[in-house]
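For reference, the structure is listed below as structure tokens.
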There are 2 protein chains.
Amino acid sequence: MSAKNLVAGVDVGGTNIEVGLVDSHHRVVDRAKANTPTEGPDAVLSTIAELVSSFDADPWAVGVGIPGVVHEGDVLTVPNLSNWHDKVEIGDELGKALGIPVALGNDANVGLLGEWLAGAADGADNVLGLWMGTGIGGALIIDGEPFNGSRGAAGEIGHVVVQERGALCGCGRRGCVEAYAGRRSMETAAADMVEAGRTTSLFDIRDELGKTKITSKVWKKALDSGDELAVSLFDTAIDALGVAIGSTLNVLDLDLVVVGGGLAEKLGQDLADRIETATAPWVLQPNPDRRFVVSALGDDAGIVGAASLGRKLL
Amino acid sequence: MSAKNLVAGVDVGGTNIEVGLVDSHHRVVDRAKANTPTEGPDAVLSTIAELVSSFDADPWAVGVGIPGVVHEGDVLTVPNLSNWHDKVEIGDELGKALGIPVALGNDANVGLLGEWLAGAADGADNVLGLWMGTGIGGALIIDGEPFNGSRGAAGEIGHVVVQERGALCGCGRRGCVEAYAGRRSMETAAADMVEAGRTTSLFDIRDELGKTKITSKVWKKALDSGDELAVSLFDTAIDALGVAIGSTLNVLDLDLVVVGGGLAEKLGQDLADRIETATAPWVLQPNPDRRFVVSALGDDAGIVGAASLGRKLL
């Protein structure tokens, strides 16, 4: 069976590849999921092709969100997937494997696109999408259109500097907001503090939950229990986000900030409220209509947004 | 005599009001200038009206660039002019006085508009205008259109924070790039350092030139002479600008930065080159096509851009 109105949306993450079959009302009507292979692009492409082919209905196109810089149909860089090299022509190769049109986008950009088409950013003109997970991702809607920048690299709010010569970031620079508010950086900071003699329940909770990393769920439990070190690290993260978003609003005068990603799913609107409060002191020109809201679609945002890119090819 | 193709462009600055008669090729064919009155909006409006009426040819419309937030034809705030209060309806009042249509814009925005229509940003799609004067102003072209933000307040790159809990800024916050790179802040820092026992030729040069402030010309002379304190303050300014522009490029992935304002006029392309060098280490995704150039129109950028707003009313 094939259905003209169904398009597959693929969200390629560092841990999982999630695929959804999406109808013309941006509803996810079926889904499939697999671990992200670590052997490199060929294995990732095969996995995507298998997942897309696994549905009862055949989609007419597929859209793929990739954690990398996408420009003019090419993937320029993919920093967070194993064994990837620059400029893999995913579109062409996947198109051959599946026999349907393929569209590509950056994962943060398609996530905001999903929220903008069918979620928390519905119809807004000037929006920042802030994705809080392993790192800090971002995306923009400007003047009522998704904005990807001159070469597809816009939206990297994680690498807005809040403190020159500050904490070391995963990108090799210092003082980026991701160095304070990215889950990977916060975990490193917690481990360093424990090494230096401080105590925290973060690693015990991680072990109890059978995780290998301090996941968003671990953070939620530690914060709820009032763990002092967790609370202090998280306060620092929120504080840094306030500075970075304040700077961004001074440059862009946006009317909406959508907070998504793993931490937003676990902490909910309270996270968006805390970020709003931390941002306010840094904003030059207050805007009474500006809102900070948590993602409405959660994990589906990327699937819905990616599918919408595929739908444009029909 | 009146000529259909002539529009007046008005650049209202903290010190002077400059008016030009601009033709349809964005050429300034006549000009007039007066000190900016300090008594408040009525006096400023009278001065604008007098200057616009002083030409041999009558313009058919007038565009005015104001150092404040302009939104939907109203001036929301004017922080740098004396005795101004919020929400003066300049457009209506000036229209009545002159009997021609009046358009309003923010001074930084109309400056970049001038450069974009007829100067250094000619035709570029994604541009930051950086104006270095008493403060640090900014403006944006996004996806081939001037972008003013949701409420006319976009472009305030001067209030991108480079150092949380850093130097005190004129806006009352800490760590804004303007606190390091704005001429007023640099003068305050120099005075504080002299107070603390350091020496510099900056104030002597100021007096020799008969100025009351450390103007761009004074900076140029002190830097050229190798004045140690001036060089050190200016290095700090360039360094801070590198961080702020790097953060901005990570969010917006622009392809052009135009550097204008008093300091750019005195220091020329060398200033743009120094800022480019200071920005490079902070940029996540290098763009080989990205350029940093000095303003081509100088003081005329604001006049030409303001006139173009007026021309739209014809």
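Chain labels run A, B, ... following the order of the structure tokens; each chain numbers its residues from 1, and ligands are numbered from 1 in the order shown.
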Give me the residues of chain A that have any atom at most 7 Å from an atom of chain B; for each, the nearest atom pair and the distance in Å, rounded to one decimal. Use only C-alpha atoms, sort by chain and number, and format it as a tab-separated table.
```
residue	atom	partner	partner_atom	distance
A:Asn126	CA	B:Ser150	CA	6.7
A:Gly149	CA	B:Asp253	CA	4.7
A:Ser150	CA	B:Asp253	CA	5.7
A:Arg151	CA	B:Asp253	CA	6.8
A:Ala153	CA	B:Asp253	CA	5.6
A:Ala154	CA	B:Leu252	CA	4.6
A:Gly155	CA	B:Val251	CA	4.4
A:Glu156	CA	B:Val251	CA	4.8
A:Ile157	CA	B:Val251	CA	5.4
A:His159	CA	B:Asn250	CA	6.4
A:Val160	CA	B:Ser247	CA	4.3
A:Val161	CA	B:Ser247	CA	5.9
A:Val162	CA	B:Val162	CA	5.5
A:Gln163	CA	B:Gln163	CA	4.3
A:Glu164	CA	B:Gln163	CA	5.6
A:Val243	CA	B:Val161	CA	6.8
A:Ser247	CA	B:Val160	CA	4.3
A:Asn250	CA	B:Glu156	CA	5.2
A:Val251	CA	B:Gly155	CA	4.4
A:Leu252	CA	B:Ala154	CA	4.6
A:Asp253	CA	B:Gly149	CA	4.7
A:Leu254	CA	B:Ser150	CA	5.7
A:Asp255	CA	B:Ser150	CA	6.1
A:Gln285	CA	B:Ala153	CA	6.7
```
Pick out the residues sitting within 9 Å of A:Ser185, and hand them over as a PDB file with all heavy atoms, in the first residue's frame; count only C-alpha atoms, and ignore anything fewer than 2 positions along from it in its own chain.
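Saved result, result30.pdb, follows:
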```
ATOM      1  N   THR A 134      22.646  16.644  25.113  1.00  0.00           N
ATOM      2  CA  THR A 134      24.084  16.437  25.299  1.00  0.00           C
ATOM      3  C   THR A 134      24.819  17.757  25.092  1.00  0.00           C
ATOM      4  O   THR A 134      25.720  18.115  25.834  1.00  0.00           O
ATOM      5  CB  THR A 134      24.594  15.400  24.275  1.00  0.00           C
ATOM      6  OG1 THR A 134      23.701  14.283  24.297  1.00  0.00           O
ATOM      7  CG2 THR A 134      25.975  14.947  24.606  1.00  0.00           C
ATOM      8  N   GLY A 135      24.437  18.444  24.057  1.00  0.00           N
ATOM      9  CA  GLY A 135      24.946  19.796  23.809  1.00  0.00           C
ATOM     10  C   GLY A 135      23.788  20.774  23.834  1.00  0.00           C
ATOM     11  O   GLY A 135      22.674  20.414  24.203  1.00  0.00           O
ATOM     12  N   LEU A 168      36.026  25.442  29.519  1.00  0.00           N
ATOM     13  CA  LEU A 168      36.365  24.795  28.245  1.00  0.00           C
ATOM     14  C   LEU A 168      35.129  24.118  27.649  1.00  0.00           C
ATOM     15  O   LEU A 168      34.406  23.406  28.333  1.00  0.00           O
ATOM     16  CB  LEU A 168      37.463  23.753  28.480  1.00  0.00           C
ATOM     17  CG  LEU A 168      38.096  23.151  27.222  1.00  0.00           C
ATOM     18  CD1 LEU A 168      38.818  24.213  26.391  1.00  0.00           C
ATOM     19  CD2 LEU A 168      39.069  22.032  27.608  1.00  0.00           C
ATOM     20  N   CYS A 169      34.897  24.375  26.362  1.00  0.00           N
ATOM     21  CA  CYS A 169      33.741  23.804  25.666  1.00  0.00           C
ATOM     22  C   CYS A 169      34.196  22.609  24.819  1.00  0.00           C
ATOM     23  O   CYS A 169      35.366  22.516  24.442  1.00  0.00           O
ATOM     24  CB  CYS A 169      33.121  24.882  24.775  1.00  0.00           C
ATOM     25  SG  CYS A 169      31.628  24.334  23.905  1.00  0.00           S
ATOM     26  N   GLY A 170      33.267  21.737  24.512  1.00  0.00           N
ATOM     27  CA  GLY A 170      33.550  20.588  23.655  1.00  0.00           C
ATOM     28  C   GLY A 170      34.055  20.988  22.275  1.00  0.00           C
ATOM     29  O   GLY A 170      34.686  20.193  21.573  1.00  0.00           O
ATOM     30  N   GLU A 178      27.333  26.353  25.958  1.00  0.00           N
ATOM     31  CA  GLU A 178      27.295  24.883  26.033  1.00  0.00           C
ATOM     32  C   GLU A 178      28.270  24.334  27.082  1.00  0.00           C
ATOM     33  O   GLU A 178      28.022  23.274  27.667  1.00  0.00           O
ATOM     34  CB  GLU A 178      27.608  24.284  24.651  1.00  0.00           C
ATOM     35  CG  GLU A 178      27.533  22.762  24.622  1.00  0.00           C
ATOM     36  CD  GLU A 178      27.617  22.182  23.211  1.00  0.00           C
ATOM     37  OE1 GLU A 178      26.746  22.507  22.386  1.00  0.00           O
ATOM     38  OE2 GLU A 178      28.559  21.413  22.938  1.00  0.00           O
ATOM     39  N   ALA A 179      29.351  25.065  27.328  1.00  0.00           N
ATOM     40  CA  ALA A 179      30.330  24.631  28.331  1.00  0.00           C
ATOM     41  C   ALA A 179      29.744  24.686  29.743  1.00  0.00           C
ATOM     42  O   ALA A 179      30.287  24.076  30.675  1.00  0.00           O
ATOM     43  CB  ALA A 179      31.585  25.494  28.249  1.00  0.00           C
ATOM     44  N   TYR A 180      28.643  25.407  29.912  1.00  0.00           N
ATOM     45  CA  TYR A 180      27.973  25.510  31.221  1.00  0.00           C
ATOM     46  C   TYR A 180      26.652  24.753  31.258  1.00  0.00           C
ATOM     47  O   TYR A 180      26.250  24.268  32.310  1.00  0.00           O
ATOM     48  CB  TYR A 180      27.715  26.981  31.577  1.00  0.00           C
ATOM     49  CG  TYR A 180      28.973  27.805  31.630  1.00  0.00           C
ATOM     50  CD1 TYR A 180      29.417  28.502  30.509  1.00  0.00           C
ATOM     51  CD2 TYR A 180      29.746  27.846  32.786  1.00  0.00           C
ATOM     52  CE1 TYR A 180      30.598  29.232  30.546  1.00  0.00           C
ATOM     53  CE2 TYR A 180      30.926  28.578  32.834  1.00  0.00           C
ATOM     54  CZ  TYR A 180      31.342  29.265  31.707  1.00  0.00           C
ATOM     55  OH  TYR A 180      32.512  29.979  31.745  1.00  0.00           O
ATOM     56  N   ALA A 181      25.979  24.690  30.111  1.00  0.00           N
ATOM     57  CA  ALA A 181      24.593  24.206  30.117  1.00  0.00           C
ATOM     58  C   ALA A 181      24.372  22.943  29.292  1.00  0.00           C
ATOM     59  O   ALA A 181      23.271  22.395  29.299  1.00  0.00           O
ATOM     60  CB  ALA A 181      23.665  25.315  29.630  1.00  0.00           C
ATOM     61  N   GLY A 182      25.393  22.462  28.593  1.00  0.00           N
ATOM     62  CA  GLY A 182      25.265  21.195  27.874  1.00  0.00           C
ATOM     63  C   GLY A 182      25.403  20.033  28.858  1.00  0.00           C
ATOM     64  O   GLY A 182      26.211  20.095  29.792  1.00  0.00           O
ATOM     65  N   ARG A 183      24.607  18.995  28.665  1.00  0.00           N
ATOM     66  CA  ARG A 183      24.619  17.874  29.615  1.00  0.00           C
ATOM     67  C   ARG A 183      26.000  17.237  29.716  1.00  0.00           C
ATOM     68  O   ARG A 183      26.438  16.848  30.802  1.00  0.00           O
ATOM     69  CB  ARG A 183      23.579  16.849  29.174  1.00  0.00           C
ATOM     70  CG  ARG A 183      22.645  16.415  30.282  1.00  0.00           C
ATOM     71  CD  ARG A 183      21.513  15.569  29.741  1.00  0.00           C
ATOM     72  NE  ARG A 183      21.977  14.718  28.656  1.00  0.00           N
ATOM     73  CZ  ARG A 183      21.200  14.266  27.674  1.00  0.00           C
ATOM     74  NH1 ARG A 183      19.914  14.583  27.649  1.00  0.00           N
ATOM     75  NH2 ARG A 183      21.686  13.508  26.731  1.00  0.00           N
ATOM     76  N   GLU A 187      28.146  17.065  33.145  1.00  0.00           N
ATOM     77  CA  GLU A 187      28.606  15.788  33.703  1.00  0.00           C
ATOM     78  C   GLU A 187      30.106  15.827  33.994  1.00  0.00           C
ATOM     79  O   GLU A 187      30.560  15.376  35.055  1.00  0.00           O
ATOM     80  CB  GLU A 187      28.282  14.635  32.732  1.00  0.00           C
ATOM     81  CG  GLU A 187      28.835  13.306  33.214  1.00  0.00           C
ATOM     82  CD  GLU A 187      28.207  12.089  32.538  1.00  0.00           C
ATOM     83  OE1 GLU A 187      27.189  12.256  31.826  1.00  0.00           O
ATOM     84  OE2 GLU A 187      28.722  10.987  32.759  1.00  0.00           O
ATOM     85  N   THR A 188      30.871  16.394  33.062  1.00  0.00           N
ATOM     86  CA  THR A 188      32.315  16.523  33.274  1.00  0.00           C
ATOM     87  C   THR A 188      32.600  17.378  34.509  1.00  0.00           C
ATOM     88  O   THR A 188      33.457  17.037  35.339  1.00  0.00           O
ATOM     89  CB  THR A 188      32.976  17.175  32.031  1.00  0.00           C
ATOM     90  OG1 THR A 188      32.652  16.391  30.890  1.00  0.00           O
ATOM     91  CG2 THR A 188      34.481  17.259  32.190  1.00  0.00           C
ATOM     92  N   ALA A 189      31.863  18.479  34.645  1.00  0.00           N
ATOM     93  CA  ALA A 189      32.062  19.357  35.801  1.00  0.00           C
ATOM     94  C   ALA A 189      31.738  18.607  37.096  1.00  0.00           C
ATOM     95  O   ALA A 189      32.463  18.714  38.091  1.00  0.00           O
ATOM     96  CB  ALA A 189      31.198  20.611  35.668  1.00  0.00           C
ATOM     97  N   ALA A 190      30.643  17.834  37.087  1.00  0.00           N
ATOM     98  CA  ALA A 190      30.256  17.079  38.284  1.00  0.00           C
ATOM     99  C   ALA A 190      31.345  16.059  38.646  1.00  0.00           C
ATOM    100  O   ALA A 190      31.728  15.923  39.823  1.00  0.00           O
ATOM    101  CB  ALA A 190      28.916  16.376  38.051  1.00  0.00           C
TER     102      ALA A 190
END
```
May I have all residues of stretch 180-295 of chain A that DSSP, computed from the backbone, assigns to alpha helix (DSSP H), given as number ranges by chain?
A: 180-181, 183-195, 202-208, 216-224, 228-252, 262-267, 269-279
Saved selection, atoms kept: C-alpha atoms, as a PDB file, in the first residue's frame:
```pdb
ATOM      1  CA  TYR A 180      27.973  25.510  31.221  1.00  0.00           C
ATOM      2  CA  ALA A 181      24.593  24.206  30.117  1.00  0.00           C
ATOM      3  CA  ARG A 183      24.619  17.874  29.615  1.00  0.00           C
ATOM      4  CA  ARG A 184      28.033  16.524  28.611  1.00  0.00           C
ATOM      5  CA  SER A 185      29.810  19.573  30.069  1.00  0.00           C
ATOM      6  CA  MET A 186      27.727  19.462  33.243  1.00  0.00           C
ATOM      7  CA  GLU A 187      28.606  15.788  33.703  1.00  0.00           C
ATOM      8  CA  THR A 188      32.315  16.523  33.274  1.00  0.00           C
ATOM      9  CA  ALA A 189      32.062  19.357  35.801  1.00  0.00           C
ATOM     10  CA  ALA A 190      30.256  17.079  38.284  1.00  0.00           C
ATOM     11  CA  ALA A 191      32.907  14.358  37.880  1.00  0.00           C
ATOM     12  CA  ASP A 192      35.700  16.906  38.388  1.00  0.00           C
ATOM     13  CA  MET A 193      34.022  18.174  41.547  1.00  0.00           C
ATOM     14  CA  VAL A 194      33.626  14.661  42.940  1.00  0.00           C
ATOM     15  CA  GLU A 195      37.278  14.048  42.117  1.00  0.00           C
ATOM     16  CA  LEU A 202      24.155  12.224  40.481  1.00  0.00           C
ATOM     17  CA  PHE A 203      26.383   9.198  39.855  1.00  0.00           C
ATOM     18  CA  ASP A 204      24.472   6.965  42.282  1.00  0.00           C
ATOM     19  CA  ILE A 205      21.178   7.853  40.584  1.00  0.00           C
ATOM     20  CA  ARG A 206      22.814   7.179  37.208  1.00  0.00           C
ATOM     21  CA  ASP A 207      23.839   3.685  38.400  1.00  0.00           C
ATOM     22  CA  GLU A 208      20.451   2.968  40.013  1.00  0.00           C
ATOM     23  CA  SER A 216      18.032  14.150  31.654  1.00  0.00           C
ATOM     24  CA  LYS A 217      16.115  11.698  33.843  1.00  0.00           C
ATOM     25  CA  VAL A 218      19.078  11.527  36.249  1.00  0.00           C
ATOM     26  CA  TRP A 219      19.198  15.323  36.412  1.00  0.00           C
ATOM     27  CA  LYS A 220      15.474  15.490  37.126  1.00  0.00           C
ATOM     28  CA  LYS A 221      15.766  13.037  40.041  1.00  0.00           C
ATOM     29  CA  ALA A 222      18.828  14.738  41.521  1.00  0.00           C
ATOM     30  CA  LEU A 223      17.278  18.216  41.250  1.00  0.00           C
ATOM     31  CA  ASP A 224      13.995  17.005  42.764  1.00  0.00           C
ATOM     32  CA  GLU A 228      23.343  20.469  46.428  1.00  0.00           C
ATOM     33  CA  LEU A 229      25.977  20.006  43.744  1.00  0.00           C
ATOM     34  CA  ALA A 230      23.364  19.198  41.084  1.00  0.00           C
ATOM     35  CA  VAL A 231      21.332  22.275  42.035  1.00  0.00           C
ATOM     36  CA  SER A 232      24.412  24.475  41.934  1.00  0.00           C
ATOM     37  CA  LEU A 233      25.554  23.175  38.520  1.00  0.00           C
ATOM     38  CA  PHE A 234      22.058  23.589  37.154  1.00  0.00           C
ATOM     39  CA  ASP A 235      21.792  27.147  38.511  1.00  0.00           C
ATOM     40  CA  THR A 236      25.035  27.940  36.690  1.00  0.00           C
ATOM     41  CA  ALA A 237      23.611  26.426  33.499  1.00  0.00           C
ATOM     42  CA  ILE A 238      20.409  28.497  33.688  1.00  0.00           C
ATOM     43  CA  ASP A 239      22.425  31.600  34.498  1.00  0.00           C
ATOM     44  CA  ALA A 240      24.642  31.090  31.416  1.00  0.00           C
ATOM     45  CA  LEU A 241      21.604  30.444  29.229  1.00  0.00           C
ATOM     46  CA  GLY A 242      20.105  33.739  30.433  1.00  0.00           C
ATOM     47  CA  VAL A 243      23.200  35.612  29.263  1.00  0.00           C
ATOM     48  CA  ALA A 244      23.355  33.830  25.887  1.00  0.00           C
ATOM     49  CA  ILE A 245      19.663  34.233  25.144  1.00  0.00           C
ATOM     50  CA  GLY A 246      19.711  37.837  26.366  1.00  0.00           C
ATOM     51  CA  SER A 247      22.534  38.603  23.926  1.00  0.00           C
ATOM     52  CA  THR A 248      20.643  36.834  21.155  1.00  0.00           C
ATOM     53  CA  LEU A 249      17.420  38.745  21.858  1.00  0.00           C
ATOM     54  CA  ASN A 250      19.335  42.037  21.851  1.00  0.00           C
ATOM     55  CA  VAL A 251      20.562  41.210  18.348  1.00  0.00           C
ATOM     56  CA  LEU A 252      17.354  39.662  17.007  1.00  0.00           C
ATOM     57  CA  GLY A 262      15.851  15.852  26.628  1.00  0.00           C
ATOM     58  CA  LEU A 263      16.038  18.225  29.597  1.00  0.00           C
ATOM     59  CA  ALA A 264      12.923  20.081  28.479  1.00  0.00           C
ATOM     60  CA  GLU A 265      11.008  16.817  28.228  1.00  0.00           C
ATOM     61  CA  LYS A 266      11.899  15.867  31.790  1.00  0.00           C
ATOM     62  CA  LEU A 267      11.589  19.319  33.397  1.00  0.00           C
ATOM     63  CA  GLN A 269       7.467  24.356  31.361  1.00  0.00           C
ATOM     64  CA  ASP A 270       9.283  25.015  34.642  1.00  0.00           C
ATOM     65  CA  LEU A 271      12.553  24.897  32.661  1.00  0.00           C
ATOM     66  CA  ALA A 272      11.283  27.457  30.136  1.00  0.00           C
ATOM     67  CA  ASP A 273      10.086  29.685  33.015  1.00  0.00           C
ATOM     68  CA  ARG A 274      13.455  29.528  34.748  1.00  0.00           C
ATOM     69  CA  ILE A 275      15.262  30.433  31.524  1.00  0.00           C
ATOM     70  CA  GLU A 276      12.861  33.334  30.961  1.00  0.00           C
ATOM     71  CA  THR A 277      13.579  34.678  34.451  1.00  0.00           C
ATOM     72  CA  ALA A 278      17.337  34.335  33.930  1.00  0.00           C
ATOM     73  CA  THR A 279      17.154  36.083  30.541  1.00  0.00           C
TER      74      THR A 279
END
```
With DSSP run on the backbone, what are the strand (DSSP E) residues within stretch 95-246 of chain B? I'd like them as a VMD selection string.
chain B and resid 102 to 106 127 to 132 136 to 142 145 to 147
Preceding selection exported with N, CA and C atoms as a short mmCIF file (atom, residue, chain, number, x, y, z; two decimals), in the first residue's frame:
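Result written to selection_21.cif:
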```cif
data_model
loop_
_atom_site.label_atom_id
_atom_site.label_comp_id
_atom_site.auth_asym_id
_atom_site.auth_seq_id
_atom_site.Cartn_x
_atom_site.Cartn_y
_atom_site.Cartn_z
N VAL B 102 6.42 61.54 5.64
CA VAL B 102 7.59 61.32 6.49
C VAL B 102 7.70 59.84 6.86
N ALA B 103 8.88 59.26 6.69
CA ALA B 103 9.13 57.89 7.14
C ALA B 103 10.19 57.92 8.22
N LEU B 104 10.10 56.98 9.16
CA LEU B 104 11.05 56.93 10.27
C LEU B 104 11.79 55.61 10.30
N GLY B 105 13.03 55.66 10.77
CA GLY B 105 13.79 54.43 10.99
C GLY B 105 14.81 54.62 12.09
N ASN B 106 15.32 53.53 12.61
CA ASN B 106 16.40 53.59 13.58
C ASN B 106 17.69 53.98 12.87
N VAL B 127 23.87 40.27 6.34
CA VAL B 127 24.88 41.28 6.68
C VAL B 127 24.70 41.78 8.11
N LEU B 128 25.82 41.95 8.80
CA LEU B 128 25.82 42.71 10.05
C LEU B 128 26.46 44.06 9.78
N GLY B 129 25.77 45.15 10.15
CA GLY B 129 26.37 46.47 10.17
C GLY B 129 26.81 46.76 11.59
N LEU B 130 28.07 47.09 11.78
CA LEU B 130 28.63 47.37 13.11
C LEU B 130 29.06 48.82 13.12
N TRP B 131 28.40 49.64 13.93
CA TRP B 131 28.72 51.07 13.95
C TRP B 131 29.49 51.41 15.22
N MET B 132 30.76 51.83 15.03
CA MET B 132 31.61 52.13 16.18
C MET B 132 31.73 53.63 16.39
N ILE B 136 28.28 51.27 20.62
CA ILE B 136 28.40 50.29 19.54
C ILE B 136 27.00 49.99 19.04
N GLY B 137 26.70 50.39 17.81
CA GLY B 137 25.40 50.13 17.24
C GLY B 137 25.47 48.99 16.23
N GLY B 138 24.31 48.51 15.84
CA GLY B 138 24.32 47.43 14.88
C GLY B 138 23.02 47.34 14.11
N ALA B 139 23.05 46.65 13.00
CA ALA B 139 21.86 46.45 12.17
C ALA B 139 22.07 45.21 11.33
N LEU B 140 20.97 44.67 10.82
CA LEU B 140 21.04 43.40 10.10
C LEU B 140 20.30 43.43 8.77
N ILE B 141 20.87 42.76 7.79
CA ILE B 141 20.14 42.33 6.59
C ILE B 141 20.06 40.81 6.70
N ILE B 142 18.87 40.24 6.62
CA ILE B 142 18.68 38.80 6.75
C ILE B 142 17.92 38.29 5.53
N GLU B 145 16.75 40.96 3.12
CA GLU B 145 15.82 42.02 3.54
C GLU B 145 16.33 42.67 4.83
N PRO B 146 16.19 43.98 4.97
CA PRO B 146 16.49 44.61 6.26
C PRO B 146 15.64 43.95 7.35
N PHE B 147 16.26 43.62 8.48
CA PHE B 147 15.53 42.96 9.56
C PHE B 147 15.57 43.83 10.80
#
```
Non-local contacts of A:Ala43 (12 Å; only C-alpha atoms; under 4 positions in same chain excluded) as a list of chain:residue names:
A:Ile17, A:Ala34, A:Asn35, A:Thr36, A:Pro37, A:Thr38, A:Glu39, A:Thr47, A:Ile48, A:Ala49, A:Glu50, A:Leu81, A:Ser82, A:Asn83, A:Trp84, A:Ile90, A:Glu93, A:Leu94
Residues of the last selection are to be written out with C-alpha atoms, as a PDB file, in the first residue's frame.
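Listed below is the output, selection28.pdb:
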```pdb
ATOM      1  CA  ILE A  17      17.561   6.948  14.701  1.00  0.00           C
ATOM      2  CA  ALA A  34      16.953   1.724  15.981  1.00  0.00           C
ATOM      3  CA  ASN A  35      20.291   2.435  17.609  1.00  0.00           C
ATOM      4  CA  THR A  36      22.505   4.750  15.580  1.00  0.00           C
ATOM      5  CA  PRO A  37      25.272   2.580  14.048  1.00  0.00           C
ATOM      6  CA  THR A  38      28.795   3.705  14.890  1.00  0.00           C
ATOM      7  CA  GLU A  39      30.524   2.280  11.805  1.00  0.00           C
ATOM      8  CA  THR A  47      19.581   1.624   8.929  1.00  0.00           C
ATOM      9  CA  ILE A  48      17.535   4.614   7.729  1.00  0.00           C
ATOM     10  CA  ALA A  49      16.548   2.696   4.570  1.00  0.00           C
ATOM     11  CA  GLU A  50      15.487  -0.351   6.617  1.00  0.00           C
ATOM     12  CA  LEU A  81      28.370  10.834  14.781  1.00  0.00           C
ATOM     13  CA  SER A  82      31.143   8.213  14.797  1.00  0.00           C
ATOM     14  CA  ASN A  83      33.321   7.631  11.743  1.00  0.00           C
ATOM     15  CA  TRP A  84      31.757  10.314   9.572  1.00  0.00           C
ATOM     16  CA  ILE A  90      23.277  11.294   1.823  1.00  0.00           C
ATOM     17  CA  GLU A  93      22.626   7.547  -1.852  1.00  0.00           C
ATOM     18  CA  LEU A  94      19.446   7.245   0.188  1.00  0.00           C
TER      19      LEU A  94
END
```
Using only C-alpha atoms, determine which residues lie at most 7 Å from B:Asn80, disregarding the query and same-chain residues fewer than 2 positions distant; provide the list as an NGL selection string.
:B and (14 or 67 or 78 or 82)
